[in-house]
file protein.tsv (TSV, C-alpha atoms)
chain	number	residue	atom	x	y	z
A	1	MET	CA	115.27	97.79	86.10
A	2	LYS	CA	112.74	98.76	83.46
A	3	ASN	CA	110.45	96.12	84.90
A	4	SER	CA	110.22	97.97	88.21
A	5	LEU	CA	108.85	100.95	86.34
A	6	TYR	CA	106.26	98.86	84.47
A	7	ILE	CA	105.18	97.16	87.69
A	8	LEU	CA	104.93	100.50	89.50
A	9	ILE	CA	102.89	102.00	86.65
A	10	ALA	CA	100.51	99.02	86.66
A	11	PHE	CA	100.00	99.39	90.42
A	12	VAL	CA	99.51	103.18	90.42
A	13	LEU	CA	97.15	102.94	87.43
A	14	GLY	CA	95.07	100.40	89.36
A	15	LEU	CA	95.16	102.58	92.47
A	16	MET	CA	93.83	105.62	90.60
A	17	LEU	CA	91.17	103.72	88.65
A	18	GLY	CA	90.05	101.99	91.85
A	19	LYS	CA	89.75	105.29	93.69
A	20	LEU	CA	87.92	106.91	90.76
A	21	PHE	CA	85.45	104.21	89.79
A	22	GLY	CA	85.06	102.09	92.93
A	23	GLU	CA	84.25	98.43	93.15
A	24	PHE	CA	83.30	96.24	90.18
A	25	SER	CA	79.87	94.66	90.36
A	26	PHE	CA	80.46	90.94	89.94
A	27	ILE	CA	83.84	90.35	91.60
A	28	THR	CA	85.74	92.19	94.33
A	29	TYR	CA	89.20	93.41	93.39
A	30	SER	CA	90.85	91.56	96.25
A	31	LYS	CA	89.29	88.30	95.01
A	32	LEU	CA	90.46	89.15	91.49
A	33	THR	CA	93.99	89.79	92.81
A	34	GLU	CA	93.90	86.45	94.62
A	35	TYR	CA	92.82	84.56	91.48
A	36	ILE	CA	95.58	86.13	89.40
A	37	LEU	CA	98.05	85.29	92.16
A	38	MET	CA	96.97	81.64	92.05
A	39	LEU	CA	97.51	81.61	88.27
A	40	LEU	CA	100.96	83.10	88.80
A	41	LEU	CA	101.86	80.54	91.44
A	42	PHE	CA	100.80	77.82	89.02
A	43	LEU	CA	103.15	79.30	86.40
A	44	VAL	CA	106.00	79.47	88.93
A	45	GLY	CA	105.34	75.84	89.80
A	46	ALA	CA	105.38	74.86	86.12
A	47	ASP	CA	108.67	76.70	85.68
A	48	LEU	CA	110.19	74.83	88.62
A	49	GLY	CA	108.78	71.49	87.51
A	50	SER	CA	110.21	71.79	84.00
A	51	ASP	CA	113.70	72.63	85.26
A	52	LYS	CA	115.87	69.51	85.33
A	53	SER	CA	118.79	71.06	87.17
A	54	LEU	CA	116.58	72.27	90.03
A	55	LEU	CA	117.96	69.80	92.57
A	56	THR	CA	121.58	70.78	91.91
A	57	LYS	CA	120.66	74.45	92.19
A	58	LEU	CA	118.82	73.82	95.45
A	59	ARG	CA	121.73	71.92	96.92
A	60	SER	CA	124.03	74.83	96.19
A	61	THR	CA	122.00	77.18	98.38
A	62	ALA	CA	120.87	74.68	101.03
A	63	TRP	CA	122.68	76.00	104.10
A	64	GLN	CA	122.04	79.62	103.15
A	65	SER	CA	118.32	78.87	102.90
A	66	ALA	CA	118.24	77.19	106.29
A	67	VAL	CA	119.57	80.21	108.19
A	68	PHE	CA	118.09	82.89	105.93
A	69	PRO	CA	114.88	83.68	107.93
A	70	PHE	CA	117.07	85.42	110.53
A	71	VAL	CA	118.18	87.94	107.92
A	72	PRO	CA	114.83	89.75	107.43
A	73	LEU	CA	114.17	89.46	111.16
A	74	LEU	CA	117.46	91.15	112.16
A	75	GLY	CA	117.15	93.70	109.36
A	76	THR	CA	113.62	94.65	110.36
A	77	TYR	CA	114.50	95.13	114.03
A	78	LEU	CA	117.56	97.13	112.96
A	79	GLY	CA	115.17	99.41	111.05
A	80	CYS	CA	112.85	99.67	114.08
A	81	ALA	CA	115.81	100.50	116.34
A	82	ILE	CA	116.92	103.30	114.02
A	83	TYR	CA	113.37	104.65	113.94
A	84	LEU	CA	113.22	104.65	117.76
A	85	ILE	CA	116.57	106.43	117.94
A	86	ILE	CA	115.40	109.15	115.51
A	87	PHE	CA	111.97	109.47	117.18
A	88	PRO	CA	112.58	108.68	120.86
A	89	LYS	CA	109.04	109.76	121.85
A	90	GLN	CA	107.46	106.91	119.88
A	91	PRO	CA	106.38	103.90	121.95
A	92	THR	CA	108.94	101.09	121.73
A	93	ARG	CA	106.37	98.34	122.16
A	94	GLU	CA	104.12	99.52	119.33
A	95	VAL	CA	106.95	100.20	116.87
A	96	LEU	CA	108.45	96.75	117.50
A	97	ALA	CA	105.02	95.12	117.15
A	98	ILE	CA	104.35	96.92	113.86
A	99	GLY	CA	107.78	95.91	112.52
A	100	SER	CA	107.25	92.29	113.59
A	101	GLY	CA	104.48	92.01	111.01
A	102	LEU	CA	107.16	91.30	108.38
A	103	GLY	CA	104.63	92.10	105.64
A	104	PHE	CA	101.82	89.99	107.14
A	105	TYR	CA	99.46	92.97	107.34
A	106	SER	CA	96.10	91.27	107.93
A	107	LEU	CA	97.16	89.38	111.04
A	108	THR	CA	99.41	92.15	112.36
A	109	GLY	CA	96.72	94.78	111.80
A	110	ALA	CA	94.22	92.71	113.77
A	111	MET	CA	96.60	91.90	116.62
A	112	VAL	CA	97.98	95.42	117.01
A	113	THR	CA	94.45	96.89	116.85
A	114	SER	CA	93.29	94.64	119.68
A	115	GLN	CA	96.32	95.43	121.86
A	116	SER	CA	97.15	99.06	121.05
A	117	GLY	CA	94.02	100.54	119.47
A	118	VAL	CA	92.86	101.40	115.98
A	119	ILE	CA	95.44	104.13	115.23
A	120	PHE	CA	98.42	101.83	115.73
A	121	GLY	CA	96.43	99.03	114.09
A	122	THR	CA	95.96	101.10	110.94
A	123	LEU	CA	99.63	102.08	111.07
A	124	ALA	CA	100.53	98.38	111.27
A	125	VAL	CA	98.42	97.63	108.19
A	126	LEU	CA	99.95	100.51	106.24
A	127	VAL	CA	103.57	99.73	107.17
A	128	ASN	CA	103.24	96.08	106.26
A	129	LEU	CA	101.25	96.81	103.10
A	130	ILE	CA	103.94	99.28	101.98
A	131	ARG	CA	106.48	96.56	102.64
A	132	GLU	CA	104.64	94.13	100.37
A	133	ILE	CA	104.00	96.68	97.64
A	134	ALA	CA	107.62	97.90	97.74
A	135	THR	CA	108.81	94.32	97.32
A	136	LEU	CA	106.42	93.75	94.41
A	137	THR	CA	107.30	96.94	92.58
A	138	LEU	CA	111.01	97.35	93.39
A	139	ALA	CA	112.20	93.72	93.26
A	140	PRO	CA	114.22	94.16	90.02
A	141	ILE	CA	116.09	97.14	91.51
A	142	MET	CA	116.59	95.36	94.84
A	143	VAL	CA	118.10	92.32	93.13
A	144	ARG	CA	120.38	94.51	91.05
A	145	PHE	CA	121.86	96.41	94.00
A	146	PHE	CA	121.50	94.09	97.00
A	147	GLY	CA	121.60	90.61	95.47
A	148	PRO	CA	119.07	87.82	94.92
A	149	TRP	CA	118.16	87.46	98.61
A	150	ALA	CA	117.02	91.08	98.89
A	151	PRO	CA	113.35	90.77	97.82
A	152	ILE	CA	113.01	87.59	99.92
A	153	ALA	CA	114.17	89.63	102.94
A	154	THR	CA	111.90	92.61	102.27
A	155	GLY	CA	109.01	90.31	101.37
A	156	GLY	CA	109.32	88.71	104.81
A	157	ALA	CA	106.28	86.58	105.57
A	158	THR	CA	104.79	87.29	102.13
A	159	SER	CA	107.58	85.51	100.23
A	160	MET	CA	105.60	82.25	100.44
A	161	ASP	CA	102.67	83.54	98.39
A	162	THR	CA	102.06	87.15	97.26
A	163	THR	CA	105.61	88.14	96.47
A	164	LEU	CA	106.79	84.65	95.46
A	165	PRO	CA	106.16	85.01	91.69
A	166	ILE	CA	108.11	88.26	91.61
A	167	ILE	CA	111.00	86.72	93.56
A	168	ALA	CA	111.06	83.67	91.27
A	169	LYS	CA	111.08	85.97	88.26
A	170	PHE	CA	113.75	88.46	89.30
A	171	SER	CA	115.98	86.61	91.81
A	172	GLY	CA	115.83	83.44	89.71
A	173	GLU	CA	113.62	80.36	89.96
A	174	GLU	CA	116.22	78.58	92.10
A	175	TYR	CA	115.32	81.07	94.83
A	176	ALA	CA	111.62	80.16	94.72
A	177	LEU	CA	111.81	77.28	97.19
A	178	PRO	CA	114.11	79.10	99.65
A	179	ALA	CA	111.57	81.95	99.45
A	180	VAL	CA	108.65	79.63	100.24
A	181	TYR	CA	110.59	78.17	103.17
A	182	SER	CA	111.54	81.60	104.54
A	183	GLY	CA	107.96	82.85	104.11
A	184	VAL	CA	106.45	79.87	105.91
A	185	ILE	CA	108.89	80.15	108.84
A	186	LEU	CA	108.34	83.90	109.16
A	187	SER	CA	104.53	83.61	108.85
A	188	LEU	CA	104.59	81.19	111.74
A	189	ALA	CA	106.96	83.48	113.63
A	190	VAL	CA	104.79	86.63	113.30
A	191	PRO	CA	102.06	85.69	115.84
A	192	LEU	CA	104.70	84.33	118.21
A	193	LEU	CA	106.84	87.48	117.98
A	194	LEU	CA	103.79	89.71	118.48
A	195	SER	CA	102.71	87.80	121.59
A	196	LEU	CA	106.25	87.91	122.93
A	197	ILE	CA	106.53	91.67	122.40
A	198	TYR	CA	103.22	92.36	124.16
A	199	LEU	CA	104.28	90.05	126.97
A	200	VAL	CA	107.74	91.55	127.52
A	201	PHE	CA	107.16	95.28	126.97
B	1	MET	CA	97.44	80.05	102.40
B	2	LEU	CA	96.94	76.39	101.63
B	3	ASN	CA	95.67	77.37	98.18
B	4	ALA	CA	98.99	78.99	97.31
B	5	ILE	CA	100.90	75.80	98.08
B	6	LEU	CA	98.38	73.70	96.15
B	7	PHE	CA	98.65	75.83	93.02
B	8	LEU	CA	102.43	75.82	93.26
B	9	LEU	CA	102.43	72.03	93.54
B	10	GLY	CA	99.87	71.67	90.73
B	11	GLY	CA	102.06	73.78	88.47
B	12	PHE	CA	105.10	71.77	89.48
B	13	VAL	CA	103.44	68.49	88.52
B	14	VAL	CA	102.27	69.89	85.18
B	15	GLY	CA	105.75	71.28	84.54
B	16	LYS	CA	107.34	67.95	85.40
B	17	ILE	CA	105.03	66.03	83.06
B	18	PHE	CA	105.28	68.30	80.04
B	19	SER	CA	108.83	69.54	80.62
B	20	ASN	CA	110.61	70.92	77.61
B	21	LYS	CA	108.51	68.97	75.17
B	22	HIS	CA	105.97	71.70	75.09
B	23	LEU	CA	106.41	74.86	73.10
B	24	LEU	CA	104.46	76.79	75.72
B	25	PHE	CA	107.41	76.71	78.13
B	26	LYS	CA	109.36	78.96	75.79
B	27	TYR	CA	106.86	81.71	76.44
B	28	LEU	CA	106.68	81.16	80.21
B	29	PRO	CA	108.95	84.05	81.30
B	30	LYS	CA	107.08	86.57	79.14
B	31	THR	CA	103.72	85.25	80.26
B	32	GLN	CA	104.82	85.51	83.89
B	33	LEU	CA	105.77	89.14	83.47
B	34	ILE	CA	102.42	89.98	81.88
B	35	VAL	CA	100.48	88.19	84.62
B	36	ILE	CA	102.63	89.94	87.26
B	37	LEU	CA	101.64	93.29	85.74
B	38	LEU	CA	97.98	92.22	85.76
B	39	MET	CA	98.22	91.21	89.40
B	40	LEU	CA	99.76	94.52	90.42
B	41	PHE	CA	97.04	96.34	88.53
B	42	ALA	CA	94.39	94.33	90.39
B	43	LEU	CA	96.20	94.92	93.69
B	44	GLY	CA	96.20	98.64	92.93
B	45	LEU	CA	92.46	98.48	92.30
B	46	SER	CA	91.81	96.66	95.59
B	47	VAL	CA	93.89	99.16	97.58
B	48	GLY	CA	92.34	102.09	95.69
B	49	VAL	CA	88.77	101.13	96.63
B	50	ASN	CA	89.71	100.46	100.27
B	51	GLN	CA	88.28	103.52	102.02
B	52	SER	CA	89.94	102.97	105.41
B	53	VAL	CA	93.41	102.75	103.83
B	54	MET	CA	92.88	105.61	101.37
B	55	ASN	CA	91.39	107.94	104.03
B	56	ASN	CA	94.18	107.35	106.51
B	57	ILE	CA	96.97	107.66	103.97
B	58	SER	CA	97.24	111.42	104.45
B	59	GLN	CA	97.41	111.26	108.27
B	60	LEU	CA	99.32	108.09	109.01
B	61	GLY	CA	100.86	107.62	105.58
B	62	LEU	CA	104.06	109.56	106.19
B	63	GLN	CA	104.77	107.86	109.51
B	64	ALA	CA	103.99	104.48	107.96
B	65	LEU	CA	106.28	105.24	105.03
B	66	VAL	CA	109.19	106.15	107.35
B	67	ILE	CA	108.82	102.98	109.45
B	68	ALA	CA	108.36	100.82	106.35
B	69	LEU	CA	111.37	102.30	104.55
B	70	LEU	CA	113.60	101.79	107.60
B	71	CYS	CA	112.46	98.15	107.95
B	72	ILE	CA	112.97	97.61	104.22
B	73	GLY	CA	116.36	99.33	104.33
B	74	GLY	CA	117.50	97.22	107.30
B	75	SER	CA	116.38	94.05	105.54
B	76	LEU	CA	118.14	95.07	102.32
B	77	ILE	CA	121.42	95.75	104.12
B	78	MET	CA	121.24	92.44	105.97
B	79	ALA	CA	120.35	90.59	102.75
B	80	TRP	CA	123.28	92.21	101.00
B	81	LEU	CA	125.69	91.24	103.81
B	82	PHE	CA	124.28	87.72	103.75
B	83	TRP	CA	124.80	87.50	100.01
B	84	GLU	CA	128.35	88.84	100.20
B	85	ILE	CA	129.32	86.42	102.97
B	86	SER	CA	127.77	83.34	101.33
B	87	PHE	CA	129.08	84.30	97.90
B	88	ARG	CA	132.64	84.67	99.16
B	89	LYS	CA	132.43	81.31	100.91
B	90	LYS	CA	131.33	79.73	97.65
B	91	GLN	CA	134.22	81.29	95.73
B	92	LYS	CA	136.78	79.57	97.97
call {"tool": "encode", "arguments": {"input": "protein.tsv", "output": "structure tokens"}}
result
Amino acid sequence: MKNSLYILIAFVLGLMLGKLFGEFSFITYSKLTEYILMLLLFLVGADLGSDKSLLTKLRSTAWQSAVFPFVPLLGTYLGCAIYLIIFPKQPTREVLAIGSGLGFYSLTGAMVTSQSGVIFGTLAVLVNLIREIATLTLAPIMVRFFGPWAPIATGGATSMDTTLPIIAKFSGEEYALPAVYSGVILSLAVPLLLSLIYLVF
Amino acid sequence: MLNAILFLLGGFVVGKIFSNKHLLFKYLPKTQLIVILLMLFALGLSVGVNQSVMNNISQLGLQALVIALLCIGGSLIMAWLFWEISFRKKQK
């Protein structure tokens, strides 16, 4: 619980300093973030590698892991449906497309921009970025109230890389591989879902 | 994201080789938390300097927040149901 607060403070502090002082001269912040992420993934890997009971733990969640990718998918469309019920004037196609990003904001932003224009494209980036940031900052609280699968569900497509270290830390390292699996499946699903939505609606 | 998988695998191999022999593994959880905080700080920086995101936050931000929170809420509820169902099955 306390960790969520620390993580949130670290993020907001970065946000304010970034806005105030602008870009560093010798490395871009997004590159810096990526390098730190790689270091973190290495640490998660080391943690998994040094755990001798990993296989037993994996076996105990095998069938859950296999079907899990449907959970974030259903949950996300449930959220979109509620949004469309509250705001019936909003375009169904665009809202569904934005939701289908499942946290994959770069690809979704690009695809929605090309199909629905820059306003919806920006909205798609923001929604999916918020999704990633919420998972990163609130994971300890999510695990506490909704169980270990919660940050994997909210992380969506990002649970294979960006949000993986946080999931491994707060859900437990035995959830790291299910998270990678779910993230890979959902990342592959995002472009397919987007194409399908623009084809059908 | 091939890099991500490679680093994960690299770490796994190193972890496998050195296992519990190494004192460093005792400090792994703490180190992870510190590096997580660093990453979030860097992520904050990269979002903070992004003009197109920061400029649109006031106009589209609220709408984005509502959609995002509903998607997150839906996912949380489904994840909770999933956990309850699978946990009960395991108890039997």
call {"tool": "interface_residues", "arguments": {"input": "protein.tsv", "of": "chain B", "to": "chain A", "cutoff": "6 Å", "atoms": "all atoms listed in the file", "output": "ChimeraX atom specification"}}
result
/B:4,7-8,11-12,14-16,19,37,39-46,48-49,64,68,70-72,74-76,78-80
call {"tool": "atom_distance", "arguments": {"input": "protein.tsv", "atom1": "atom CA of Ser58 of chain B", "atom2": "atom CA of Gly73 of chain B"}}
result
22.6 Å
call {"tool": "atom_distance", "arguments": {"input": "protein.tsv", "atom1": "atom CA of Pro69 of chain A", "atom2": "atom CA of Val53 of chain B"}}
result
29.0 Å
call {"tool": "atom_distance", "arguments": {"input": "protein.tsv", "atom1": "atom CA of Val35 of chain B", "atom2": "atom CA of Leu65 of chain B"}}
result
27.2 Å
call {"tool": "closest_residue", "arguments": {"input": "protein.tsv", "among": "A:Glu94, A:Leu194, A:Leu138, A:Ser159", "to": "Ala179 of chain A", "atoms": "all atoms listed in the file"}}
result
A:Ser159
call {"tool": "closest_residue", "arguments": {"input": "protein.tsv", "among": "A:Gln90, A:Glu173, A:Ile185, A:Gly109", "to": "Gln63 of chain B", "atoms": "only C-alpha atoms"}}
result
A:Gln90
call {"tool": "axis_aligned_box", "arguments": {"input": "protein.tsv", "around": "segment 149-165 of chain A", "padding_each_side": "6 Å", "output": "JSON"}}
result
{"center_x": 110.1, "center_y": 87.4, "center_z": 98.6, "size_x": 28.1, "size_y": 22.4, "size_z": 25.9}
call {"tool": "residues_near_point", "arguments": {"input": "protein.tsv", "point": "(97.0, 94.2, 123.2)", "cutoff": "10 Å", "atoms": "all atoms listed in the file", "output": "JSON, numbers by chain"}}
result
{"A": [94, 110, 111, 112, 113, 114, 115, 116, 117, 194, 195, 197, 198, 199]}
